[in-house]
$ cat start-v5.cif   # mmCIF, C-alpha atoms
data_structure
loop_
_atom_site.label_atom_id
_atom_site.label_comp_id
_atom_site.auth_asym_id
_atom_site.auth_seq_id
_atom_site.Cartn_x
_atom_site.Cartn_y
_atom_site.Cartn_z
CA MET X 870 -61.55 19.39 12.68
CA ARG X 871 -60.96 23.17 12.96
CA ILE X 872 -62.28 24.77 9.78
CA GLY X 873 -62.20 28.39 8.62
CA ILE X 874 -64.21 29.99 5.84
CA ALA X 875 -62.69 32.67 3.59
CA GLY X 876 -65.51 34.64 2.02
CA CYS X 877 -68.65 35.91 3.76
CA GLY X 878 -70.92 36.00 0.71
CA ILE X 879 -73.84 33.73 -0.14
CA ARG X 880 -71.71 30.59 -0.35
CA GLY X 881 -69.60 31.27 2.70
CA GLN X 882 -72.73 31.81 4.78
CA LEU X 883 -74.25 28.61 3.38
CA PHE X 884 -71.20 26.59 4.38
CA ALA X 885 -71.21 28.09 7.87
CA ARG X 886 -74.86 27.08 8.32
CA ALA X 887 -74.26 23.62 6.85
CA LEU X 888 -71.36 22.82 9.19
CA ALA X 889 -73.07 24.13 12.33
CA GLY X 890 -73.50 21.19 14.69
CA GLU X 891 -71.60 18.75 12.44
CA PRO X 892 -69.95 16.20 14.77
CA GLY X 893 -66.21 16.66 15.03
CA VAL X 894 -66.26 20.03 13.24
CA GLU X 895 -65.65 23.49 14.66
CA VAL X 896 -66.04 26.50 12.40
CA VAL X 897 -63.29 28.60 13.95
CA GLY X 898 -64.03 31.79 12.04
CA MET X 899 -64.83 33.54 8.78
CA CYS X 900 -63.12 36.39 6.96
CA ASP X 901 -63.84 38.92 4.24
CA PRO X 902 -62.26 42.26 3.29
CA SER X 903 -65.75 43.74 2.78
CA ALA X 904 -67.33 45.27 5.88
CA GLY X 905 -70.78 44.81 4.34
CA ALA X 906 -70.18 41.12 3.73
CA ARG X 907 -68.89 40.67 7.28
CA GLU X 908 -72.00 42.37 8.68
CA ARG X 909 -74.34 40.16 6.65
CA ALA X 910 -72.48 37.00 7.68
CA ALA X 911 -72.84 37.97 11.34
CA ALA X 912 -76.58 37.37 10.99
CA VAL X 913 -76.00 33.63 10.40
CA TYR X 914 -72.68 32.97 12.17
CA GLY X 915 -71.87 33.94 15.73
CA GLY X 916 -68.14 33.29 15.74
CA PRO X 917 -65.20 35.56 14.88
CA ILE X 918 -65.46 37.33 11.51
CA LEU X 919 -62.11 38.79 10.51
CA ASP X 920 -60.78 41.20 7.88
CA SER X 921 -58.22 38.94 6.18
CA HIS X 922 -57.46 35.31 5.46
CA GLY X 923 -54.05 35.75 7.10
CA GLU X 924 -55.72 36.56 10.41
CA LEU X 925 -58.00 33.55 10.02
CA ILE X 926 -55.15 31.16 9.19
CA ALA X 927 -53.31 32.39 12.28
CA ARG X 928 -56.18 31.09 14.44
CA GLY X 929 -54.78 27.55 14.11
CA LEU X 930 -56.88 25.79 11.48
CA ASP X 931 -56.85 22.27 10.10
CA ALA X 932 -58.68 23.22 6.91
CA LEU X 933 -59.95 26.23 4.99
CA ILE X 934 -62.92 26.71 2.69
CA VAL X 935 -62.19 29.24 -0.07
CA ALA X 936 -65.53 30.88 -0.91
CA THR X 937 -64.21 34.22 -2.15
CA PRO X 938 -65.32 35.54 -5.56
CA ASP X 939 -64.22 33.21 -8.37
CA PHE X 940 -61.38 35.45 -9.57
CA ALA X 941 -59.95 35.84 -6.04
CA HIS X 942 -59.05 32.27 -5.10
CA ARG X 943 -55.32 32.14 -5.84
CA ALA X 944 -53.76 34.16 -3.01
CA VAL X 945 -56.01 32.65 -0.33
CA ALA X 946 -55.49 29.07 -1.53
CA VAL X 947 -51.72 29.39 -1.96
CA ASP X 948 -51.29 30.92 1.51
CA ALA X 949 -53.50 28.26 3.10
CA ALA X 950 -51.62 25.43 1.39
CA ALA X 951 -48.29 26.91 2.51
CA ALA X 952 -49.66 26.86 6.07
CA GLY X 953 -50.40 23.14 5.71
CA LEU X 954 -54.18 23.43 5.61
CA GLN X 955 -56.49 21.04 3.80
CA LEU X 956 -58.55 22.93 1.23
CA MET X 957 -62.02 23.12 -0.23
CA ILE X 958 -62.24 25.65 -3.07
CA GLU X 959 -65.44 26.81 -4.71
CA LYS X 960 -65.72 26.06 -8.39
CA PRO X 961 -64.08 27.16 -10.59
CA ILE X 962 -60.75 26.64 -8.85
CA ALA X 963 -59.67 29.85 -10.63
CA THR X 964 -60.62 31.97 -13.64
CA SER X 965 -57.31 31.54 -15.46
CA ALA X 966 -55.18 28.51 -16.18
CA GLU X 967 -52.20 30.36 -14.71
CA ASP X 968 -53.92 30.86 -11.35
CA ALA X 969 -55.21 27.29 -11.36
CA GLU X 970 -51.74 25.86 -11.96
CA ALA X 971 -50.31 28.05 -9.19
CA ILE X 972 -52.85 26.57 -6.78
CA VAL X 973 -52.06 23.03 -7.94
CA ALA X 974 -48.33 23.66 -7.48
CA ALA X 975 -48.86 25.04 -3.96
CA VAL X 976 -51.10 22.14 -2.95
CA GLU X 977 -48.71 19.50 -4.28
CA ALA X 978 -45.64 21.18 -2.78
CA ALA X 979 -47.33 21.27 0.64
CA GLY X 980 -48.70 17.74 0.38
CA VAL X 981 -52.22 18.82 1.36
CA SER X 982 -55.55 17.77 -0.10
CA CYS X 983 -57.63 20.14 -2.22
CA PHE X 984 -61.27 19.46 -3.02
CA VAL X 985 -62.96 21.55 -5.73
CA ALA X 986 -66.62 22.11 -4.89
CA PHE X 987 -68.57 20.76 -7.86
CA GLU X 988 -71.81 20.37 -5.92
CA ASN X 989 -73.88 18.68 -8.63
CA ARG X 990 -72.08 15.43 -7.85
CA TRP X 991 -74.23 15.48 -4.69
CA ASN X 992 -77.48 16.10 -6.58
CA PRO X 993 -79.71 12.99 -6.29
CA ALA X 994 -81.01 13.35 -9.85
CA PHE X 995 -77.52 13.41 -11.35
CA ARG X 996 -76.37 10.59 -9.10
CA LYS X 997 -79.21 8.45 -10.44
CA LEU X 998 -78.14 9.37 -13.97
CA ARG X 999 -74.53 8.40 -13.31
CA ARG X 1000 -75.57 5.06 -11.80
CA ALA X 1001 -77.66 4.34 -14.90
CA VAL X 1002 -74.65 5.13 -17.11
CA GLU X 1003 -72.30 2.99 -15.00
CA ALA X 1004 -74.78 0.09 -15.13
CA GLY X 1005 -74.77 0.26 -18.94
CA GLU X 1006 -78.47 1.06 -19.13
CA LEU X 1007 -77.91 3.83 -21.70
CA GLY X 1008 -75.25 1.99 -23.71
CA ASP X 1009 -72.31 4.02 -24.98
CA ILE X 1010 -72.81 7.73 -24.31
CA VAL X 1011 -73.18 9.75 -27.50
CA SER X 1012 -73.89 13.21 -26.11
CA VAL X 1013 -74.51 15.35 -23.05
CA THR X 1014 -76.57 18.47 -23.70
CA ALA X 1015 -76.83 20.95 -20.84
CA VAL X 1016 -78.45 24.34 -20.41
CA LEU X 1017 -77.42 26.31 -17.33
CA SER X 1018 -78.42 29.95 -17.58
CA ASN X 1019 -79.59 32.82 -15.37
CA THR X 1020 -81.90 35.77 -15.62
CA TYR X 1021 -80.53 39.32 -15.66
CA PHE X 1022 -80.91 39.30 -11.87
CA VAL X 1023 -77.67 37.37 -11.35
CA PRO X 1024 -75.23 39.68 -13.18
CA THR X 1025 -77.07 42.93 -12.41
CA GLN X 1026 -78.10 42.40 -8.77
CA MET X 1027 -76.78 39.20 -7.18
CA LEU X 1028 -73.09 39.43 -8.15
CA SER X 1029 -71.28 42.69 -7.43
CA TRP X 1030 -68.31 41.27 -9.35
CA ALA X 1031 -70.15 40.12 -12.50
CA ALA X 1032 -67.87 42.20 -14.75
CA SER X 1033 -64.95 40.09 -13.52
CA SER X 1034 -66.80 36.91 -14.45
CA SER X 1035 -69.10 35.72 -17.24
CA PRO X 1036 -71.93 33.24 -17.70
CA ALA X 1037 -69.31 30.72 -18.80
CA TRP X 1038 -67.06 31.25 -15.76
CA PHE X 1039 -69.96 31.27 -13.32
CA LEU X 1040 -71.98 28.41 -14.81
CA MET X 1041 -70.06 26.29 -17.33
CA PRO X 1042 -67.69 24.67 -14.79
CA HIS X 1043 -70.77 23.09 -13.19
CA VAL X 1044 -71.98 21.42 -16.36
CA LEU X 1045 -68.57 20.61 -17.85
CA ASP X 1046 -67.59 18.81 -14.65
CA LEU X 1047 -70.97 17.08 -14.69
CA ALA X 1048 -70.44 15.92 -18.28
CA THR X 1049 -66.95 14.56 -17.55
CA TRP X 1050 -68.24 12.78 -14.43
CA ILE X 1051 -71.18 11.21 -16.27
CA VAL X 1052 -69.21 10.13 -19.34
CA GLY X 1053 -66.03 9.25 -17.46
CA ALA X 1054 -63.82 11.14 -19.90
CA ASP X 1055 -61.98 14.46 -19.98
CA PRO X 1056 -62.48 17.28 -22.51
CA GLN X 1057 -60.15 16.96 -25.49
CA THR X 1058 -61.19 19.81 -27.79
CA VAL X 1059 -63.49 22.82 -27.63
CA VAL X 1060 -65.16 25.14 -30.08
CA ALA X 1061 -67.36 27.94 -28.78
CA ARG X 1062 -69.37 30.94 -29.93
CA GLY X 1063 -70.80 33.77 -27.88
CA ARG X 1064 -72.41 37.17 -27.81
CA ARG X 1065 -71.54 40.42 -26.05
CA GLY X 1066 -73.36 43.75 -25.96
CA GLU X 1067 -76.48 43.77 -23.81
CA LEU X 1068 -74.79 43.49 -20.43
CA ALA X 1069 -72.06 45.87 -21.56
CA ALA X 1070 -74.75 48.42 -22.39
CA ARG X 1071 -75.93 48.08 -18.78
CA GLY X 1072 -72.43 48.82 -17.48
CA ILE X 1073 -71.30 45.19 -17.00
CA ASP X 1074 -68.57 44.47 -19.53
CA THR X 1075 -68.86 40.73 -19.97
CA TRP X 1076 -70.40 38.09 -22.22
CA ASP X 1077 -74.17 37.81 -22.56
CA ALA X 1078 -73.91 34.18 -23.63
CA VAL X 1079 -71.29 31.53 -24.35
CA HIS X 1080 -72.18 28.22 -26.03
CA ALA X 1081 -69.48 25.54 -26.24
CA LEU X 1082 -69.08 22.12 -27.84
CA PHE X 1083 -66.53 19.82 -26.16
CA GLU X 1084 -65.24 16.47 -27.39
CA LEU X 1085 -65.04 14.12 -24.41
CA GLY X 1086 -62.46 11.36 -24.66
CA GLY X 1087 -62.98 10.95 -28.38
CA SER X 1088 -66.29 9.11 -27.96
CA ALA X 1089 -68.90 11.64 -26.82
CA VAL X 1090 -69.71 15.31 -27.21
CA ALA X 1091 -70.92 17.81 -24.62
CA ASN X 1092 -73.03 20.70 -25.90
CA LEU X 1093 -73.12 23.32 -23.14
CA ARG X 1094 -75.15 26.55 -23.14
CA THR X 1095 -74.66 29.35 -20.61
CA GLU X 1096 -76.43 32.73 -20.69
CA TRP X 1097 -76.95 35.67 -18.34
CA VAL X 1098 -79.74 37.42 -20.25
CA LEU X 1099 -82.89 35.44 -19.50
CA PRO X 1100 -85.89 37.70 -18.77
CA GLU X 1101 -86.59 38.42 -15.12
CA GLY X 1102 -90.26 37.56 -15.66
CA ARG X 1103 -89.34 33.86 -15.57
CA PRO X 1104 -90.55 32.03 -12.45
CA SER X 1105 -86.96 31.01 -11.54
CA ILE X 1106 -83.64 32.86 -11.86
CA VAL X 1107 -82.05 29.65 -13.19
CA ASP X 1108 -82.73 27.45 -16.21
CA PHE X 1109 -80.96 24.11 -15.63
CA ARG X 1110 -81.68 21.16 -17.90
CA VAL X 1111 -79.56 18.16 -18.84
CA ASP X 1112 -80.18 15.53 -21.53
CA VAL X 1113 -77.94 12.51 -22.04
CA THR X 1114 -78.24 10.28 -25.08
CA GLY X 1115 -76.69 6.82 -25.33
CA THR X 1116 -76.77 4.09 -27.94
CA ARG X 1117 -79.46 2.21 -25.97
CA GLY X 1118 -81.27 4.86 -23.97
CA SER X 1119 -81.53 8.45 -22.81
CA PHE X 1120 -82.00 10.44 -19.60
CA SER X 1121 -83.56 13.88 -19.12
CA ILE X 1122 -83.40 16.07 -16.00
CA ASP X 1123 -84.96 19.48 -15.37
CA ASN X 1124 -83.25 20.81 -12.27
CA SER X 1125 -84.40 24.41 -12.59
CA ASP X 1126 -86.63 24.49 -9.50
CA GLN X 1127 -87.31 20.89 -8.42
CA GLY X 1128 -90.91 21.33 -9.59
CA VAL X 1129 -92.19 23.45 -6.69
CA HIS X 1130 -94.16 26.59 -7.66
CA ALA X 1131 -96.41 29.14 -6.02
CA ALA X 1132 -98.99 31.51 -7.48
CA THR X 1133 -100.76 34.60 -6.16
CA ALA X 1134 -102.92 37.22 -7.84
CA GLU X 1135 -99.73 39.16 -8.62
CA ARG X 1136 -97.19 36.58 -9.68
CA TYR X 1137 -96.23 32.99 -10.46
CA THR X 1138 -92.87 31.95 -9.07
CA SER X 1139 -90.63 29.01 -8.33
CA VAL X 1140 -90.29 28.18 -4.66
CA GLY X 1141 -87.91 25.26 -5.14
CA LEU X 1142 -87.52 22.18 -3.01
CA LEU X 1143 -84.06 23.10 -1.68
CA PRO X 1144 -82.52 24.51 0.40
CA GLU X 1145 -84.63 23.48 3.38
CA ASP X 1146 -84.04 23.20 7.11
CA ILE X 1147 -84.77 19.81 8.67
CA ASP X 1148 -84.16 19.29 12.40
CA GLY X 1149 -81.95 22.36 12.49
CA HIS X 1150 -79.71 21.23 9.64
CA GLU X 1151 -79.58 22.82 6.20
CA GLN X 1152 -80.46 20.42 3.39
CA SER X 1153 -79.15 21.17 -0.08
CA MET X 1154 -76.61 19.83 -2.56
CA ALA X 1155 -74.00 22.29 -1.31
CA ALA X 1156 -74.71 21.40 2.33
CA TRP X 1157 -74.44 17.66 1.67
CA MET X 1158 -71.22 18.29 -0.25
CA VAL X 1159 -69.45 20.34 2.43
CA ARG X 1160 -70.45 17.89 5.16
CA SER X 1161 -69.18 15.00 3.02
CA TRP X 1162 -65.87 16.84 2.58
CA ALA X 1163 -65.54 17.48 6.34
CA ARG X 1164 -66.39 13.87 7.21
CA GLY X 1165 -63.82 12.67 4.69
CA LEU X 1166 -61.13 14.80 6.30
CA ILE X 1167 -61.98 13.48 9.76
CA ALA X 1168 -61.87 9.90 8.45
CA GLY X 1169 -58.59 10.50 6.62
CA LYS X 1170 -60.28 9.85 3.27
CA PRO X 1171 -60.42 13.16 1.36
CA VAL X 1172 -63.18 13.34 -1.24
CA GLY X 1173 -62.72 14.42 -4.86
CA PRO X 1174 -62.66 16.00 -7.39
CA ASP X 1175 -59.18 17.33 -6.72
CA ALA X 1176 -57.13 20.38 -7.73
CA ARG X 1177 -55.78 18.80 -10.92
CA HIS X 1178 -59.29 18.12 -12.16
CA GLY X 1179 -60.33 21.64 -11.17
CA ALA X 1180 -57.39 23.05 -13.16
CA LEU X 1181 -58.40 21.00 -16.21
CA ILE X 1182 -61.95 22.40 -16.06
CA THR X 1183 -60.56 25.94 -15.73
CA ARG X 1184 -58.26 25.46 -18.73
CA ALA X 1185 -61.16 24.10 -20.80
CA VAL X 1186 -63.46 27.02 -19.92
CA GLU X 1187 -60.67 29.54 -20.52
CA LEU X 1188 -60.21 28.05 -24.00
CA ALA X 1189 -63.98 28.23 -24.56
CA HIS X 1190 -63.75 31.99 -23.98
CA ARG X 1191 -60.82 32.24 -26.42
CA SER X 1192 -62.68 30.15 -28.98
CA ALA X 1193 -65.75 32.39 -28.71
CA ALA X 1194 -63.59 35.51 -29.07
CA GLU X 1195 -61.44 34.22 -31.93
CA SER X 1196 -63.85 31.84 -33.72
CA THR X 1197 -61.23 29.11 -33.49
CA ALA X 1198 -61.23 25.56 -32.13
CA PHE X 1199 -58.68 24.59 -29.48
CA ALA X 1200 -57.21 21.38 -28.09
CA VAL X 1201 -57.71 21.18 -24.32
CA ARG X 1202 -55.19 18.38 -23.75
#

$ encode --input "start-v5.cif" --output "structure tokens"
Amino acid sequence: MRIGIAGCGIRGQLFARALAGEPGVEVVGMCDPSAGARERAAAVYGGPILDSHGELIARGLDALIVATPDFAHRAVAVDAAAAGLQLMIEKPIATSAEDAEAIVAAVEAAGVSCFVAFENRWNPAFRKLRRAVEAGELGDIVSVTAVLSNTYFVPTQMLSWAASSSPAWFLMPHVLDLATWIVGADPQTVVARGRRGELAARGIDTWDAVHALFELGGSAVANLRTEWVLPEGRPSIVDFRVDVTGTRGSFSIDNSDQGVHAATAERYTSVGLLPEDIDGHEQSMAAWMVRSWARGLIAGKPVGPDARHGALITRAVELAHRSAAESTAFAVR
């Protein structure tokens, strides 16, 4: 399976490391329009690193991973689908419903598979939760409450394109997909509220926080909180907690740092359990996910979630932004 990677940032590099040595897989090349990103990727990947996705596609690929910034997926994905390539696209599939539907149309017209990379489906804690729900141990699901937020570090230092995103675009697709997967129902309505101002004052014109309430299939609610203004003094750059309540039980997960911490005279910080290298192979949710996707392609059994689901999540999050801006509820479907 000849795979290319579009995007040489943090995620593109991770996928290159994760697929190194995977049986039946050859990472043919990477690409990025940024010279700085290409230079950084060269430290972890020894193959060709090109300027454009067109050059990469021309190398004769079977599949392409789209790991460009969230707002820059459409052109790469549409061109790759037109070339007959199987696709894996980082979540969200796009940051507008229009772009998402264009990708869906291209994928369906070409008859190729498209996997949207919602990595928390490969998180052991959430897989245990879903098995408990499927076994009926929690009864009927009443609510999913999720917090997924970052410190100022993410919008001010980690993401050069934060002004073209938001805490809801960067984080909410993770937890909305997780809620739909756990409950087994799609979002029907959304009402959201948010705050702007602090990041804008720092030169990043985007939301500080977006909180959204989704009705899932008419039987459960998902209360999702995303923020980009947590203090940098926290031990971890991420706050990630999920609580699920059912009619006969509940489940609570704190996935912020996997419970691994370190302290010195100067600071207390989260080390985290993952990612970790074992026997020369990267171990993390994202690594397990991309290897599962590649193995599925080789076996002729593409894994999900697919482009249509990705487009639904994008539409729901787009409407959450509109609801926060207009103080109005919207129907998702």

$ atom_distance --input "start-v5.cif" --atom1 "CA of Asp1108 in chain X" --atom2 "CA of Phe940 in chain X"
23.7 Å

$ resolve_selection --input "start-v5.cif" --expression "the PyMOL selection byres ((chain X and resi 889) around 12)" --output "list in words"
Ile872, Gln882, Leu883, Phe884, Ala885, Arg886, Ala887, Leu888, Gly890, Glu891, Pro892, Gly893, Val894, Glu895, Val896, Val897, Gly898, Val913, Tyr914, Gly915, Gly916, Gly1149, His1150, Glu1151, Ala1156, Val1159, Arg1160 and Ala1163 of chain X

$ resolve_selection --input "start-v5.cif" --expression "the PyMOL selection byres ((chain X and resi 1097) around 6)" --output "PyMOL selection string"
chain X and resi 1018-1021+1036+1077+1096+1098

$ closest_atom_pairs --input "start-v5.cif" --of "range 1045-1147 of chain X" --to "range 1178-1190 of chain X" --cutoff "10 Å" --atoms "only C-alpha atoms" --output "CSV"
residue,atom,partner,partner_atom,distance
X:Leu1045,CA,X:Ile1182,CA,7.1
X:Asp1046,CA,X:Ile1182,CA,6.8
X:Thr1049,CA,X:Ile1182,CA,9.4
X:Asp1055,CA,X:Leu1181,CA,8.4
X:Pro1056,CA,X:Ala1185,CA,7.2
X:Gln1057,CA,X:Ala1185,CA,8.6
X:Thr1058,CA,X:Ala1185,CA,8.2
X:Val1059,CA,X:Ala1189,CA,6.2
X:Val1060,CA,X:Ala1189,CA,6.4
X:Ala1061,CA,X:Ala1189,CA,5.4
X:Arg1062,CA,X:Ala1189,CA,8.1
X:Gly1063,CA,X:His1190,CA,8.3
X:Trp1076,CA,X:His1190,CA,9.2
X:Val1079,CA,X:His1190,CA,7.6
X:His1080,CA,X:Ala1189,CA,8.3
X:Ala1081,CA,X:Ala1189,CA,6.3
X:Leu1082,CA,X:Ala1189,CA,8.6
X:Phe1083,CA,X:Ala1185,CA,8.7

$ resolve_selection --input "start-v5.cif" --expression "the PyMOL selection byres ((chain X and resi 1066) around 12)" --output "mmCIF file with C-alpha atoms, in the coordinates of the input"
data_model
loop_
_atom_site.group_PDB
_atom_site.id
_atom_site.type_symbol
_atom_site.label_atom_id
_atom_site.label_comp_id
_atom_site.auth_asym_id
_atom_site.auth_seq_id
_atom_site.Cartn_x
_atom_site.Cartn_y
_atom_site.Cartn_z
ATOM 1 C CA GLY X 1063 -70.800 33.770 -27.880
ATOM 2 C CA ARG X 1064 -72.410 37.170 -27.810
ATOM 3 C CA ARG X 1065 -71.540 40.420 -26.050
ATOM 4 C CA GLU X 1067 -76.480 43.770 -23.810
ATOM 5 C CA LEU X 1068 -74.790 43.490 -20.430
ATOM 6 C CA ALA X 1069 -72.060 45.870 -21.560
ATOM 7 C CA ALA X 1070 -74.750 48.420 -22.390
ATOM 8 C CA ARG X 1071 -75.930 48.080 -18.780
ATOM 9 C CA GLY X 1072 -72.430 48.820 -17.480
ATOM 10 C CA ILE X 1073 -71.300 45.190 -17.000
ATOM 11 C CA ASP X 1074 -68.570 44.470 -19.530
ATOM 12 C CA THR X 1075 -68.860 40.730 -19.970
ATOM 13 C CA TRP X 1076 -70.400 38.090 -22.220
ATOM 14 C CA ASP X 1077 -74.170 37.810 -22.560
ATOM 15 C CA ALA X 1078 -73.910 34.180 -23.630
ATOM 16 C CA TRP X 1097 -76.950 35.670 -18.340
ATOM 17 C CA VAL X 1098 -79.740 37.420 -20.250
#

$ atom_distance --input "start-v5.cif" --atom1 "CA of Gly929 in chain X" --atom2 "CA of Gln955 in chain X"
12.3 Å

$ closest_residue --input "start-v5.cif" --among "X:Ala974, X:Leu1040, X:Ala875, X:Lys997" --to "Val947 in chain X" --atoms "only C-alpha atoms"
X:Ala974

$ atom_distance --input "start-v5.cif" --atom1 "CA of Pro938 in chain X" --atom2 "CA of Gly876 in chain X"
7.6 Å

$ closest_residue --input "start-v5.cif" --among "X:Ala951, X:Ala971, X:Arg880, X:Arg1103" --to "Arg1136 in chain X" --atoms "all atoms listed in the file"
X:Arg1103

$ closest_residue --input "start-v5.cif" --among "X:Arg1117, X:His942, X:Lys1170, X:Arg1177" --to "Ala1001 in chain X" --atoms "only C-alpha atoms"
X:Arg1117

$ residues_near_point --input "start-v5.cif" --point "(-52.2, 19.6, -3.9)" --cutoff "9 Å" --atoms "all atoms listed in the file" --output "short mmCIF file (atom, residue, chain, number, x, y, z; two decimals) with C-alpha atoms, in the frame of the given file"
data_model
loop_
_atom_site.label_atom_id
_atom_site.label_comp_id
_atom_site.auth_asym_id
_atom_site.auth_seq_id
_atom_site.Cartn_x
_atom_site.Cartn_y
_atom_site.Cartn_z
CA ALA X 950 -51.62 25.43 1.39
CA GLN X 955 -56.49 21.04 3.80
CA LEU X 956 -58.55 22.93 1.23
CA ILE X 972 -52.85 26.57 -6.78
CA VAL X 973 -52.06 23.03 -7.94
CA ALA X 974 -48.33 23.66 -7.48
CA ALA X 975 -48.86 25.04 -3.96
CA VAL X 976 -51.10 22.14 -2.95
CA GLU X 977 -48.71 19.50 -4.28
CA ALA X 978 -45.64 21.18 -2.78
CA ALA X 979 -47.33 21.27 0.64
CA GLY X 980 -48.70 17.74 0.38
CA VAL X 981 -52.22 18.82 1.36
CA SER X 982 -55.55 17.77 -0.10
CA CYS X 983 -57.63 20.14 -2.22
CA ASP X 1175 -59.18 17.33 -6.72
CA ALA X 1176 -57.13 20.38 -7.73
CA ARG X 1177 -55.78 18.80 -10.92
#

$ residues_around --input "start-v5.cif" --residues "Val1113 in chain X" --least-positions-apart "3" --cutoff "12 Å" --atoms "all atoms listed in the file" --output "MDAnalysis selection string"
chainID X and resid 995 998:999 1001:1002 1006:1016 1047:1048 1051:1052 1089:1093 1110 1116:1123

$ residues_near_point --input "start-v5.cif" --point "(-83.6, 21.0, -10.5)" --cutoff "10 Å" --atoms "only C-alpha atoms" --output "list in words"
Asn992, Pro993, Ala994, Phe995, Val1107, Asp1108, Phe1109, Arg1110, Val1111, Ile1122, Asp1123, Asn1124, Ser1125, Asp1126, Gln1127, Gly1128, Val1129, Gly1141, Leu1142 and Leu1143 of chain X

$ axis_aligned_box --input "start-v5.cif" --around "range 926-944 of chain X" --padding-each-side "4 Å" --output "JSON"
{"center_x": -59.4, "center_y": 29.1, "center_z": 2.4, "size_x": 20.2, "size_y": 21.6, "size_z": 32.0}

$ closest_residue --input "start-v5.cif" --among "X:Ala1168, X:His1043, X:Ser1192, X:Thr1114" --to "Trp991 in chain X" --atoms "all atoms listed in the file"
X:His1043

$ closest_residue --input "start-v5.cif" --among "X:Gly1173, X:Gly881, X:Gly1087, X:Gly873" --to "His922 in chain X" --atoms "all atoms listed in the file"
X:Gly873
